[in-house]
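Text of entry-v6.tsv, listed as TSV, C-alpha atoms:
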chain	number	residue	atom	x	y	z
A	1	MET	CA	48.04	-22.52	-38.51
A	2	THR	CA	50.87	-23.88	-36.33
A	3	GLU	CA	50.18	-26.37	-33.56
A	4	TYR	CA	50.84	-23.61	-30.99
A	5	GLU	CA	48.37	-21.25	-32.69
A	6	ASN	CA	45.80	-24.05	-32.88
A	7	GLU	CA	46.09	-24.79	-29.15
A	8	LEU	CA	45.92	-21.07	-28.36
A	9	SER	CA	42.75	-20.74	-30.44
A	10	LYS	CA	41.15	-23.68	-28.62
A	11	LEU	CA	42.06	-22.12	-25.27
A	12	VAL	CA	40.52	-18.76	-26.24
A	13	ASP	CA	37.31	-20.51	-27.40
A	14	GLU	CA	37.13	-22.45	-24.15
A	15	LEU	CA	37.58	-19.26	-22.09
A	16	ASN	CA	34.89	-17.53	-24.10
A	17	ARG	CA	32.50	-20.45	-23.59
A	18	SER	CA	33.28	-20.41	-19.85
A	19	ALA	CA	32.63	-16.68	-19.59
A	20	THR	CA	29.38	-17.04	-21.50
A	21	SER	CA	28.34	-19.92	-19.23
A	22	THR	CA	29.16	-17.86	-16.13
A	23	ARG	CA	27.16	-14.89	-17.38
A	24	SER	CA	24.22	-17.15	-18.21
A	25	SER	CA	24.28	-18.73	-14.76
A	26	GLU	CA	24.06	-15.25	-13.21
A	27	LYS	CA	20.85	-14.50	-15.11
A	28	ARG	CA	18.19	-16.19	-13.05
A	29	SER	CA	14.65	-16.72	-14.23
A	30	LEU	CA	11.82	-14.58	-12.94
A	31	ASP	CA	10.44	-17.53	-10.98
A	32	GLN	CA	13.82	-18.02	-9.30
A	33	ILE	CA	13.99	-14.33	-8.38
A	34	LEU	CA	10.44	-14.38	-6.99
A	35	SER	CA	11.13	-17.57	-5.04
A	36	THR	CA	14.19	-15.96	-3.46
A	37	ALA	CA	12.10	-12.89	-2.60
A	38	VAL	CA	9.52	-15.07	-0.85
A	39	HIS	CA	12.24	-17.00	1.00
A	40	ARG	CA	13.90	-13.77	2.18
A	41	GLN	CA	10.51	-12.26	3.15
A	42	ALA	CA	11.01	-9.32	0.81
A	43	SER	CA	8.17	-6.89	0.26
A	44	ASP	CA	9.11	-5.92	-3.30
A	45	VAL	CA	11.23	-6.87	-6.31
A	46	ILE	CA	12.61	-4.14	-8.61
A	47	LEU	CA	13.81	-4.97	-12.12
A	48	VAL	CA	15.72	-2.31	-14.09
A	49	ALA	CA	17.94	-2.87	-17.13
A	50	GLY	CA	21.63	-2.51	-16.35
A	51	SER	CA	21.18	-3.41	-12.67
A	52	PRO	CA	20.84	-6.67	-10.78
A	53	ALA	CA	17.40	-7.85	-9.67
A	54	THR	CA	16.85	-5.95	-6.41
A	55	LEU	CA	14.79	-6.92	-3.36
A	56	ARG	CA	13.35	-4.68	-0.65
A	57	VAL	CA	13.87	-6.50	2.65
A	58	ASN	CA	12.82	-4.82	5.92
A	59	GLY	CA	12.52	-1.56	4.01
A	60	ALA	CA	16.10	-1.63	2.63
A	61	LEU	CA	17.22	-2.49	-0.92
A	62	ALA	CA	19.49	-5.48	-1.51
A	63	PRO	CA	20.68	-7.00	-4.83
A	64	GLU	CA	19.28	-10.48	-5.40
A	65	THR	CA	22.24	-11.56	-7.59
A	66	ASP	CA	25.49	-10.10	-8.93
A	67	GLY	CA	24.40	-10.55	-12.53
A	68	LEU	CA	23.14	-7.50	-14.41
A	69	LEU	CA	19.81	-7.65	-16.22
A	70	SER	CA	19.70	-6.56	-19.83
A	71	ALA	CA	16.70	-4.87	-21.45
A	72	GLU	CA	16.13	-8.11	-23.38
A	73	ASP	CA	16.23	-10.21	-20.19
A	74	ILE	CA	13.53	-8.06	-18.64
A	75	ARG	CA	11.27	-8.01	-21.69
A	76	ASN	CA	11.57	-11.78	-22.10
A	77	SER	CA	10.66	-12.30	-18.43
A	78	LEU	CA	7.84	-9.79	-18.12
A	79	LEU	CA	5.93	-9.63	-21.39
A	80	PRO	CA	4.68	-13.28	-21.20
A	81	LEU	CA	2.80	-12.28	-18.02
A	82	LEU	CA	0.56	-9.90	-19.98
A	83	THR	CA	-2.59	-10.63	-21.92
A	84	ALA	CA	-2.92	-9.12	-25.39
A	85	SER	CA	-5.06	-6.26	-24.06
A	86	GLN	CA	-2.65	-5.59	-21.20
A	87	ALA	CA	0.29	-5.54	-23.60
A	88	GLN	CA	-1.57	-3.02	-25.75
A	89	GLU	CA	-2.32	-0.86	-22.69
A	90	LEU	CA	1.35	-0.97	-21.69
A	91	GLU	CA	2.45	0.23	-25.11
A	92	GLU	CA	-0.19	2.98	-25.24
A	93	ARG	CA	0.10	4.29	-21.67
A	94	ARG	CA	3.74	3.22	-21.11
A	95	CYS	CA	2.79	1.73	-17.74
A	96	ILE	CA	0.33	-0.78	-16.30
A	97	ASP	CA	-0.74	-2.07	-12.87
A	98	PHE	CA	-2.03	-5.61	-12.47
A	99	CYS	CA	-1.83	-8.76	-10.33
A	100	PHE	CA	-0.53	-12.17	-11.38
A	101	VAL	CA	0.00	-15.63	-9.90
A	102	ARG	CA	3.08	-17.84	-10.26
A	103	SER	CA	2.15	-21.25	-8.90
A	104	PRO	CA	3.27	-22.49	-6.43
A	105	ILE	CA	5.34	-19.40	-5.55
A	106	GLY	CA	2.55	-16.96	-4.78
A	107	ARG	CA	0.50	-13.98	-5.88
A	108	PHE	CA	1.99	-10.63	-6.85
A	109	ARG	CA	1.03	-7.06	-7.73
A	110	ALA	CA	3.09	-5.49	-10.49
A	111	ASN	CA	3.73	-2.14	-12.07
A	112	PHE	CA	5.39	-2.36	-15.48
A	113	HIS	CA	6.72	0.93	-16.84
A	114	TYR	CA	9.38	2.38	-19.11
A	115	GLN	CA	12.52	4.22	-18.06
A	116	ARG	CA	15.19	5.46	-20.48
A	117	GLY	CA	13.27	3.66	-23.21
A	118	THR	CA	13.52	0.22	-21.59
A	119	LEU	CA	10.93	-1.86	-19.73
A	120	ALA	CA	11.20	-1.95	-15.92
A	121	ALA	CA	9.06	-3.37	-13.13
A	122	ALA	CA	8.23	-3.04	-9.45
A	123	ILE	CA	6.64	-6.23	-8.13
A	124	ARG	CA	4.94	-6.39	-4.72
A	125	LEU	CA	4.64	-9.74	-2.93
A	126	LEU	CA	1.09	-10.32	-1.69
A	127	PRO	CA	0.63	-12.44	1.44
A	128	ALA	CA	-1.30	-15.67	0.95
A	129	GLN	CA	-3.20	-15.09	4.20
A	130	ILE	CA	-5.38	-12.12	5.06
A	131	PRO	CA	-3.61	-10.34	7.95
A	132	SER	CA	-5.28	-9.53	11.25
A	133	LEU	CA	-4.97	-6.28	13.17
A	134	GLU	CA	-2.96	-8.19	15.76
A	135	SER	CA	-0.54	-9.72	13.25
A	136	LEU	CA	0.09	-6.23	11.81
A	137	HIS	CA	0.84	-4.91	15.34
A	138	LEU	CA	-1.87	-2.25	15.01
A	139	PRO	CA	-3.46	-0.52	18.03
A	140	PRO	CA	-6.53	-2.28	19.48
A	141	SER	CA	-8.43	1.02	19.27
A	142	LEU	CA	-8.96	0.32	15.54
A	143	ALA	CA	-11.12	-2.76	16.18
A	144	PRO	CA	-14.28	-0.85	17.28
A	145	LEU	CA	-14.35	0.89	13.89
A	146	THR	CA	-15.38	-2.42	12.31
A	147	GLU	CA	-18.52	-2.41	14.45
A	148	ARG	CA	-19.82	0.87	13.00
A	149	ARG	CA	-22.65	0.70	10.47
A	150	GLN	CA	-22.28	4.09	8.83
A	151	GLY	CA	-19.52	6.60	8.19
A	152	LEU	CA	-16.12	7.10	6.59
A	153	VAL	CA	-12.82	5.56	7.75
A	154	LEU	CA	-9.72	6.89	5.97
A	155	LEU	CA	-6.33	5.16	5.78
A	156	THR	CA	-3.55	7.55	4.80
A	157	GLY	CA	0.19	7.43	4.24
A	158	ALA	CA	2.86	7.15	1.58
A	159	THR	CA	3.07	4.34	-0.96
A	160	GLY	CA	4.26	1.13	0.69
A	161	CYS	CA	3.27	2.12	4.23
A	162	GLY	CA	0.82	-0.78	4.66
A	163	LYS	CA	-2.51	0.95	3.98
A	164	THR	CA	-3.82	-1.93	1.86
A	165	SER	CA	-2.92	-4.52	4.50
A	166	THR	CA	-4.64	-2.51	7.23
A	167	LEU	CA	-7.77	-2.15	5.09
A	168	ALA	CA	-7.70	-5.90	4.40
A	169	ALA	CA	-7.47	-6.63	8.15
A	170	LEU	CA	-10.45	-4.36	8.86
A	171	ILE	CA	-12.51	-6.00	6.09
A	172	ASP	CA	-11.57	-9.47	7.33
A	173	ARG	CA	-12.70	-8.58	10.85
A	174	ILE	CA	-16.08	-7.44	9.49
A	175	ASN	CA	-16.26	-10.57	7.33
A	176	ALA	CA	-15.74	-12.78	10.39
A	177	ARG	CA	-18.16	-11.02	12.72
A	178	ARG	CA	-20.99	-9.58	10.64
A	179	ARG	CA	-23.46	-10.83	8.06
A	180	ASP	CA	-23.00	-8.00	5.56
A	181	HIS	CA	-22.70	-7.41	1.85
A	182	ILE	CA	-19.17	-6.07	1.30
A	183	ILE	CA	-18.08	-4.60	-2.05
A	184	THR	CA	-14.47	-3.61	-2.71
A	185	VAL	CA	-13.31	-1.37	-5.58
A	186	GLU	CA	-9.56	-1.66	-6.18
A	187	ASP	CA	-6.79	-1.12	-8.71
A	188	PRO	CA	-5.71	-3.89	-8.80
A	189	ILE	CA	-7.31	-6.37	-6.37
A	190	GLU	CA	-4.59	-7.29	-3.87
A	191	TYR	CA	-6.30	-9.36	-1.18
A	192	GLN	CA	-8.92	-11.89	-2.25
A	193	HIS	CA	-11.40	-12.36	0.59
A	194	ALA	CA	-13.38	-15.59	0.75
A	195	ASN	CA	-16.97	-15.37	2.01
A	196	ARG	CA	-17.12	-16.09	5.75
A	197	ASN	CA	-20.13	-14.63	7.53
A	198	SER	CA	-20.40	-11.89	4.93
A	199	LEU	CA	-20.87	-11.90	1.15
A	200	ILE	CA	-17.97	-10.18	-0.64
A	201	GLU	CA	-17.67	-8.84	-4.19
A	202	HIS	CA	-14.41	-7.56	-5.71
A	203	ILE	CA	-14.56	-4.92	-8.47
A	204	GLN	CA	-11.33	-4.20	-10.36
A	205	LEU	CA	-10.64	-0.88	-12.01
A	206	GLY	CA	-10.17	-1.21	-15.77
A	207	HIS	CA	-11.61	-4.71	-15.83
A	208	ASP	CA	-14.99	-4.34	-14.13
A	209	THR	CA	-15.34	-0.54	-14.05
A	210	PRO	CA	-13.78	2.43	-15.87
A	211	SER	CA	-13.21	4.59	-12.75
A	212	PHE	CA	-13.41	4.65	-8.96
A	213	ALA	CA	-16.04	7.39	-8.99
A	214	GLN	CA	-18.33	5.55	-11.41
A	215	ALA	CA	-17.89	2.31	-9.48
A	216	VAL	CA	-18.82	3.89	-6.14
A	217	ARG	CA	-21.92	5.52	-7.61
A	218	ALA	CA	-22.95	2.20	-9.18
A	219	VAL	CA	-22.24	0.26	-5.96
A	220	LEU	CA	-24.85	2.34	-4.12
A	221	ARG	CA	-27.48	0.59	-6.27
A	222	GLN	CA	-26.11	-2.88	-5.46
A	223	ASP	CA	-27.38	-3.15	-1.87
A	224	PRO	CA	-24.02	-2.92	-0.04
A	225	ASP	CA	-23.46	-2.60	3.70
A	226	VAL	CA	-19.71	-1.98	3.54
A	227	ILE	CA	-17.78	-0.36	0.67
A	228	LEU	CA	-14.00	-0.38	0.27
A	229	VAL	CA	-12.57	2.30	-2.05
A	230	GLY	CA	-8.98	1.34	-2.84
A	231	GLU	CA	-7.91	4.93	-3.45
A	232	MET	CA	-9.65	8.30	-3.47
A	233	ARG	CA	-7.78	9.92	-6.35
A	234	ASP	CA	-10.04	12.84	-7.27
A	235	GLY	CA	-12.87	15.03	-6.10
A	236	GLU	CA	-15.47	12.99	-7.94
A	237	THR	CA	-14.49	9.83	-6.06
A	238	MET	CA	-14.30	11.70	-2.74
A	239	ALA	CA	-17.77	13.17	-3.25
A	240	ALA	CA	-19.19	9.73	-4.10
A	241	ALA	CA	-17.54	8.19	-1.02
A	242	LEU	CA	-18.89	10.94	1.25
A	243	THR	CA	-22.39	10.46	-0.16
A	244	ALA	CA	-22.15	6.70	0.44
A	245	ALA	CA	-20.99	7.28	4.03
A	246	GLU	CA	-23.87	9.68	4.64
A	247	THR	CA	-26.54	7.36	3.27
A	248	GLY	CA	-26.17	4.40	5.63
A	249	HIS	CA	-22.98	2.66	4.52
A	250	LEU	CA	-19.64	2.00	6.20
A	251	VAL	CA	-16.99	3.25	3.75
A	252	LEU	CA	-13.28	2.41	4.08
A	253	ALA	CA	-10.91	4.28	1.77
A	254	SER	CA	-7.25	5.20	1.35
A	255	LEU	CA	-5.63	8.55	0.56
A	256	HIS	CA	-2.06	9.76	0.08
A	257	THR	CA	-1.44	12.24	2.91
A	258	ASN	CA	1.14	12.31	5.69
A	259	ASP	CA	-0.93	12.99	8.80
A	260	ALA	CA	-4.49	13.10	10.04
A	261	ALA	CA	-4.85	16.89	10.20
A	262	GLN	CA	-3.46	17.26	6.68
A	263	THR	CA	-6.04	14.77	5.41
A	264	VAL	CA	-8.95	17.15	6.05
A	265	SER	CA	-7.21	19.95	4.13
A	266	ARG	CA	-6.23	17.57	1.33
A	267	ILE	CA	-9.85	16.53	0.78
A	268	LEU	CA	-11.12	20.12	0.80
A	269	ASP	CA	-8.40	21.36	-1.55
A	270	THR	CA	-9.57	18.85	-4.15
A	271	PHE	CA	-12.82	20.78	-4.59
A	272	PRO	CA	-13.45	24.27	-6.04
A	273	SER	CA	-13.71	26.96	-3.36
A	274	GLY	CA	-17.46	27.34	-3.95
A	275	TYR	CA	-18.07	23.72	-2.89
A	276	GLN	CA	-15.69	23.53	0.07
A	277	SER	CA	-18.21	24.71	2.67
A	278	GLN	CA	-20.63	21.95	1.62
A	279	ILE	CA	-17.87	19.31	1.62
A	280	ARG	CA	-16.65	20.47	5.04
A	281	GLN	CA	-20.18	20.03	6.39
A	282	GLN	CA	-20.48	16.56	4.83
A	283	LEU	CA	-17.07	15.51	6.14
A	284	SER	CA	-17.85	16.69	9.67
A	285	LEU	CA	-20.95	14.50	9.67
A	286	ALA	CA	-19.64	11.42	7.83
A	287	LEU	CA	-16.09	11.02	9.16
A	288	LEU	CA	-15.47	8.26	11.71
A	289	ALA	CA	-11.66	8.17	11.83
A	290	VAL	CA	-8.44	9.01	10.02
A	291	ILE	CA	-5.59	6.52	10.43
A	292	SER	CA	-2.18	7.67	9.17
A	293	GLN	CA	0.64	5.16	9.23
A	294	GLN	CA	4.28	4.54	8.43
A	295	LEU	CA	6.28	1.30	8.40
A	296	LEU	CA	9.56	1.43	10.33
A	297	PRO	CA	12.42	-1.10	10.31
A	298	ALA	CA	12.63	-3.10	13.52
A	299	ALA	CA	15.49	-2.48	15.92
A	300	SER	CA	16.35	-6.18	15.64
A	301	GLY	CA	16.80	-5.84	11.87
A	302	ALA	CA	14.05	-8.39	11.21
A	303	GLY	CA	10.69	-7.10	10.04
A	304	ARG	CA	8.94	-3.74	10.29
A	305	TYR	CA	6.49	-2.15	12.72
A	306	PRO	CA	3.75	0.41	12.03
A	307	ALA	CA	3.77	3.84	13.63
A	308	VAL	CA	0.17	5.05	13.61
A	309	GLU	CA	-1.57	8.39	14.07
A	310	ILE	CA	-5.28	8.10	14.86
A	311	LEU	CA	-7.93	10.82	14.71
A	312	ILE	CA	-11.34	9.72	16.04
A	313	ALA	CA	-14.36	11.81	15.04
A	314	THR	CA	-15.73	12.81	18.43
A	315	PRO	CA	-18.28	15.64	18.70
A	316	ALA	CA	-15.36	18.02	19.42
A	317	THR	CA	-13.55	16.76	16.28
A	318	ARG	CA	-16.64	17.36	14.17
A	319	ASN	CA	-17.00	20.89	15.51
A	320	LEU	CA	-13.39	21.72	14.63
A	321	ILE	CA	-13.88	20.44	11.09
A	322	ARG	CA	-17.21	22.22	10.69
A	323	ARG	CA	-15.80	25.55	11.89
A	324	GLY	CA	-12.70	25.26	9.70
A	325	GLU	CA	-10.29	25.04	12.63
A	326	ASP	CA	-8.22	22.27	11.11
A	327	HIS	CA	-5.03	23.71	12.64
A	328	GLN	CA	-6.30	22.64	16.07
A	329	LEU	CA	-6.79	18.99	15.12
A	330	ARG	CA	-3.25	17.97	16.06
A	331	ALA	CA	-3.58	19.35	19.61
A	332	HIS	CA	-6.99	17.69	19.80
A	333	ILE	CA	-5.46	14.30	18.87
A	334	GLU	CA	-2.71	14.70	21.47
A	335	THR	CA	-5.22	15.17	24.29
A	336	GLY	CA	-7.61	12.48	23.04
A	337	ARG	CA	-5.91	9.31	24.32
A	338	ALA	CA	-9.04	8.37	26.30
A	339	GLU	CA	-11.02	8.28	23.02
A	340	GLY	CA	-8.39	6.11	21.31
A	341	MET	CA	-6.51	8.93	19.58
A	342	LEU	CA	-2.77	8.92	19.07
A	343	THR	CA	-0.26	11.31	17.49
A	344	MET	CA	2.57	9.94	15.37
A	345	GLU	CA	5.07	10.99	18.05
A	346	GLN	CA	3.12	9.24	20.82
A	347	SER	CA	3.05	6.08	18.68
A	348	LEU	CA	6.81	6.33	18.09
A	349	VAL	CA	7.47	6.65	21.83
A	350	GLU	CA	5.47	3.47	22.45
A	351	LEU	CA	7.56	1.64	19.83
A	352	ILE	CA	10.82	2.89	21.36
A	353	ARG	CA	9.84	1.89	24.90
A	354	ALA	CA	8.75	-1.54	23.71
A	355	GLY	CA	12.17	-2.01	22.09
A	356	ARG	CA	10.61	-2.42	18.67
A	357	VAL	CA	12.37	0.47	16.90
A	358	SER	CA	15.54	2.39	17.65
A	359	LEU	CA	15.68	5.99	18.81
A	360	GLU	CA	17.46	6.98	15.59
A	361	THR	CA	14.79	5.36	13.43
A	362	ALA	CA	12.02	7.10	15.37
A	363	PHE	CA	13.58	10.54	14.94
A	364	ALA	CA	14.11	9.87	11.23
A	365	HIS	CA	10.37	9.21	10.82
A	366	CYS	CA	8.80	11.71	13.20
A	367	TYR	CA	7.00	14.87	12.03
A	368	HIS	CA	7.65	16.98	15.15
A	369	PRO	CA	11.05	16.18	16.77
A	370	ASP	CA	10.47	18.53	19.71
A	371	ASP	CA	7.24	16.72	20.58
A	372	LEU	CA	9.01	13.37	20.36
A	373	ARG	CA	11.73	14.58	22.77
A	374	ARG	CA	9.07	15.93	25.15
A	375	HIS	CA	7.14	12.65	25.19
A	376	LEU	CA	10.33	10.67	25.78
A	377	GLU	CA	11.02	12.77	28.88
A	378	GLU	CA	7.53	12.32	30.35

Could you take the file, read its structure, and then write that structure out as C-alpha cells?
Amino acid sequence: MTEYENELSKLVDELNRSATSTRSSEKRSLDQILSTAVHRQASDVILVAGSPATLRVNGALAPETDGLLSAEDIRNSLLPLLTASQAQELEERRCIDFCFVRSPIGRFRANFHYQRGTLAAAIRLLPAQIPSLESLHLPPSLAPLTERRQGLVLLTGATGCGKTSTLAALIDRINARRRDHIITVEDPIEYQHANRNSLIEHIQLGHDTPSFAQAVRAVLRQDPDVILVGEMRDGETMAAALTAAETGHLVLASLHTNDAAQTVSRILDTFPSGYQSQIRQQLSLALLAVISQQLLPAASGAGRYPAVEILIATPATRNLIRRGEDHQLRAHIETGRAEGMLTMEQSLVELIRAGRVSLETAFAHCYHPDDLRRHLEE
C-alpha cells in the first residue's frame, strides 16, 4: 500500500469512527429521555423502532431527539424494567400494562406492546403529588359529590382525558375530610394515596385480583365505605358496581364514553335485553353524577384545561332514566345550571371567555357546534 493509500485508509477509518460516535451520542438512555420528559412537563413518552423518542407536550407530539431508535435500542431499554413474570406475560399476550419507578426521576405507567414485530412503548408520567380539584381547574360543583355516603359517580371520556387524575382528586378530598375505609381497584395503580384521615387500600389487577368484577364483589366483604373502580370494562363489573352503590357505598368509577347522555345508553347496551329494565331501575336509583371531560390545549400554548360536562342525578334525572327517555338528558343538563349541571358546550364557552382556550380549539372539541355558537351569542 502506497503512502497516499495508507493516509486515505486512515482518513476513512477516522470518518467512520466519527460517524459511529455521532450516532451513539444521538441514542440517549431511557433515563435521559424520561428526565427530559419531566423537565418539559410532557404527559407521555412514545418509543417506536425507526422513529425518534417522542414526547407529548400540551397534547401535541414532539421528537425528543433527532436520533432514530432501533428495535434493539428499545428492547435493551425496556426489557430490564420487567420482572420474569411480566416478561412472560408480554410474550404471551404481546402487550402489558404496569407501573415502574426510576429514582430520582419519578414514577411512570407503561404499556409495552408489539407493532410490526418489534417492541414499542407508551409511557405516561405520573405526578408525584396527588392533584386537587382546584389544581386541575375543575368546576367547584364536583366537591359536594365527595360528601355523599352512597351512590355511583362516573368519570367518562377518551383515553388521556384526565379521568384518573380527577378520580384521584376526589379520593384525596375524601381522604382529607372523612374517616373512611377507601379501597381502590386499578390496572395499574397510578396514584398512591397515603393514609390521612381515612384508611386506604390499593388492589392491583393481575397482581392482587384476577378481574375488576371479582375484586368489586370481594371488596363488599371487606368493610369499605368508598370504592374506586379504575375502569368498568364489562357488564359483570358494571353490575357489581351498581350493587355496591345500592348497598350503602360510595362508588367512583370510569368508563369510556363521550358524553353524559351516551353513558346511560352505553351501560344498558352492555347487558342482554332481558336484563336492561332491571339495570335501568338500578341505575336510576344508584346514580349520583356523570362527569364527562376532555383536555384542551391552552390558548397560551402552555398546559391544558379540562372541558367538563356534568349530569347530576336529580329526581327529574332519575325519572328520565327510569322511563327510558335518555334522549332528553342533554336538554335536561342544559337547563340544570342551578343544580350544578353543565353541557360540554357551556363549559367550552366558559373557557373561551376566561381566555383559557381559543375559539378554534373549542370548536374542534365541541359535540354540537350550533349550540356553541348560540351560547357564545348569549

Quick one: residues within 8 Å of region 268-282 of chain A, all atoms listed in the file counted, chain neighbours fewer than 4 positions away excluded, as a list in words?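 My reading of the contact set: Asp234, Gly235, Ala239, Leu242, Glu246, Val264, Ala286, Ile321, Arg322 and Gly324 of chain A.
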
Please tabulate, as CSV, the residues of region 172-282 of chain A that come within 8 Å of region 81-101 of chain A, each with its closest pair of atoms and the distance in Å to one decimal, counting only C-alpha atoms and ordering rows by chain, then residue number upward.
residue,atom,partner,partner_atom,distance
A:Asp187,CA,A:Asp97,CA,7.4
A:Pro188,CA,A:Phe98,CA,5.5
A:Ile189,CA,A:Cys99,CA,7.2
A:Glu190,CA,A:Cys99,CA,7.2

Residues just named, written with C-alpha atoms as a PDB file, in the frame of the given file:
ATOM      1  CA  ASP A 187      -6.790  -1.120  -8.710  1.00  0.00           C
ATOM      2  CA  PRO A 188      -5.710  -3.890  -8.800  1.00  0.00           C
ATOM      3  CA  ILE A 189      -7.310  -6.370  -6.370  1.00  0.00           C
ATOM      4  CA  GLU A 190      -4.590  -7.290  -3.870  1.00  0.00           C
TER       5      GLU A 190
END

Excluding region 290-300 of chain A and its own-chain neighbours fewer than 6 positions away, which residues fall within 9 Å of it when counting all atoms listed in the file? Please give them as a PyMOL selection string. chain A and resi 58-60+142+152-158+160-163+257-261+263+306-313+344+352+355-359+361-362+365

State, in Å with one decimal place, the distance from CA of Val229 (chain A) to CA of Leu78 (chain A).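 Atom-to-atom, CA of Val229 (chain A) to CA of Leu78 (chain A), that is 28.7 Å.
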
Where does region 138-190 of chain A meet region 198-208 of chain A within 7 Å, residue by residue, with the nearest atom pair and distance in Å to one decimal for each, counting all atoms listed in the file, listed by chain and rising number, as a tab-separated table?
residue	atom	partner	partner_atom	distance
A:Asn175	CA	A:Ser198	CA	5.0
A:Arg178	CA	A:Ser198	CA	6.2
A:Arg179	CA	A:Ser198	CA	4.5
A:Asp180	CA	A:Ser198	CA	4.7
A:His181	CA	A:Leu199	CA	4.9
A:Ile182	CA	A:Ile200	CA	4.7
A:Ile183	CA	A:Glu201	CA	4.8
A:Thr184	CA	A:His202	CA	5.0
A:Val185	CA	A:Ile203	CA	4.7
A:Glu186	CA	A:Gln204	CA	5.2
A:Asp187	CA	A:Leu205	CA	5.1
A:Pro188	CA	A:Gln204	CA	5.8
A:Ile189	CA	A:Gln204	CA	6.1

Using all atoms listed in the file, tabulate the residues of region 159-248 of chain A lying at most 10 Å from any atom of region 136-140 of chain A, each with its closest atom pair and that distance in Å to one decimal, by chain and increasing residue number, as JSON lines.
{"residue": "A:Gly162", "atom": "CA", "partner": "A:Leu136", "partner_atom": "CA", "distance": 9.0}
{"residue": "A:Ser165", "atom": "CA", "partner": "A:Leu136", "partner_atom": "CA", "distance": 8.1}
{"residue": "A:Thr166", "atom": "CA", "partner": "A:Leu136", "partner_atom": "CA", "distance": 7.6}
{"residue": "A:Ala169", "atom": "CA", "partner": "A:Leu136", "partner_atom": "CA", "distance": 8.4}

Report as lines of an AutoDock Vina configuration file the centre and the edge lengths, in Å to one decimal, of the axis-aligned box holding every listed atom of region 203-206 of chain A, padded by 5 Å on each side.
center_x = -12.4
center_y = -2.9
center_z = -12.1
size_x = 14.4
size_y = 14.0
size_z = 17.3

Considering only C-alpha atoms, can you say which of A:Glu334, A:Ile174, A:Gly303, A:Met341 comes closest to Leu372 (chain A)?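 When distances to Leu372 (chain A) are compared using only C-alpha atoms, the smallest one comes from A:Glu334.
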
For Ile123 (chain A), the nearest of the candidates A:Glu325, A:Asp44, A:Glu147, A:Glu72, counting all atoms listed in the file: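 Of the candidates, the smallest distance to Ile123 (chain A) is held by A:Asp44.
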
What is the CA of Arg109 (chain A) to CA of Leu126 (chain A) distance in Å?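 We find that CA of Arg109 (chain A) and CA of Leu126 (chain A) lie 6.9 Å from each other.
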
For Ser132 (chain A), which residue out of A:Ile171, A:Gly67, A:Leu320, A:Leu283 is the nearest one, using all atoms listed in the file?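 Looking at the shortest contact to Ser132 (chain A), the residue is A:Ile171.
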
Once N, CA and C atoms are restored for region 152-163 of chain A, what would the output be as an mmCIF file, in the frame of the given file?
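out.cif was written with the following content:
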data_model
loop_
_atom_site.group_PDB
_atom_site.id
_atom_site.type_symbol
_atom_site.label_atom_id
_atom_site.label_comp_id
_atom_site.auth_asym_id
_atom_site.auth_seq_id
_atom_site.Cartn_x
_atom_site.Cartn_y
_atom_site.Cartn_z
ATOM 1 N N LEU A 152 -17.301 7.169 7.432
ATOM 2 C CA LEU A 152 -16.120 7.100 6.590
ATOM 3 C C LEU A 152 -14.863 6.893 7.428
ATOM 4 N N VAL A 153 -14.115 5.837 7.122
ATOM 5 C CA VAL A 153 -12.820 5.560 7.750
ATOM 6 C C VAL A 153 -11.747 5.725 6.685
ATOM 7 N N LEU A 154 -10.774 6.604 6.950
ATOM 8 C CA LEU A 154 -9.720 6.890 5.970
ATOM 9 C C LEU A 154 -8.381 6.352 6.442
ATOM 10 N N LEU A 155 -7.697 5.623 5.560
ATOM 11 C CA LEU A 155 -6.330 5.160 5.780
ATOM 12 C C LEU A 155 -5.410 6.015 4.929
ATOM 13 N N THR A 156 -4.422 6.670 5.553
ATOM 14 C CA THR A 156 -3.550 7.550 4.800
ATOM 15 C C THR A 156 -2.084 7.202 5.035
ATOM 16 N N GLY A 157 -1.241 7.681 4.134
ATOM 17 C CA GLY A 157 0.190 7.430 4.240
ATOM 18 C C GLY A 157 0.813 7.312 2.870
ATOM 19 N N ALA A 158 2.135 7.249 2.840
ATOM 20 C CA ALA A 158 2.860 7.150 1.580
ATOM 21 C C ALA A 158 2.706 5.763 0.970
ATOM 22 N N THR A 159 3.081 5.637 -0.288
ATOM 23 C CA THR A 159 3.070 4.340 -0.960
ATOM 24 C C THR A 159 3.976 3.358 -0.205
ATOM 25 N N GLY A 160 3.465 2.146 0.017
ATOM 26 C CA GLY A 160 4.260 1.130 0.690
ATOM 27 C C GLY A 160 4.220 1.181 2.201
ATOM 28 N N CYS A 161 3.307 1.988 2.773
ATOM 29 C CA CYS A 161 3.270 2.120 4.230
ATOM 30 C C CYS A 161 2.331 1.103 4.885
ATOM 31 N N GLY A 162 1.671 0.265 4.081
ATOM 32 C CA GLY A 162 0.820 -0.780 4.660
ATOM 33 C C GLY A 162 -0.650 -0.459 4.701
ATOM 34 N N LYS A 163 -1.081 0.578 3.970
ATOM 35 C CA LYS A 163 -2.510 0.950 3.980
ATOM 36 C C LYS A 163 -3.386 -0.202 3.517
#
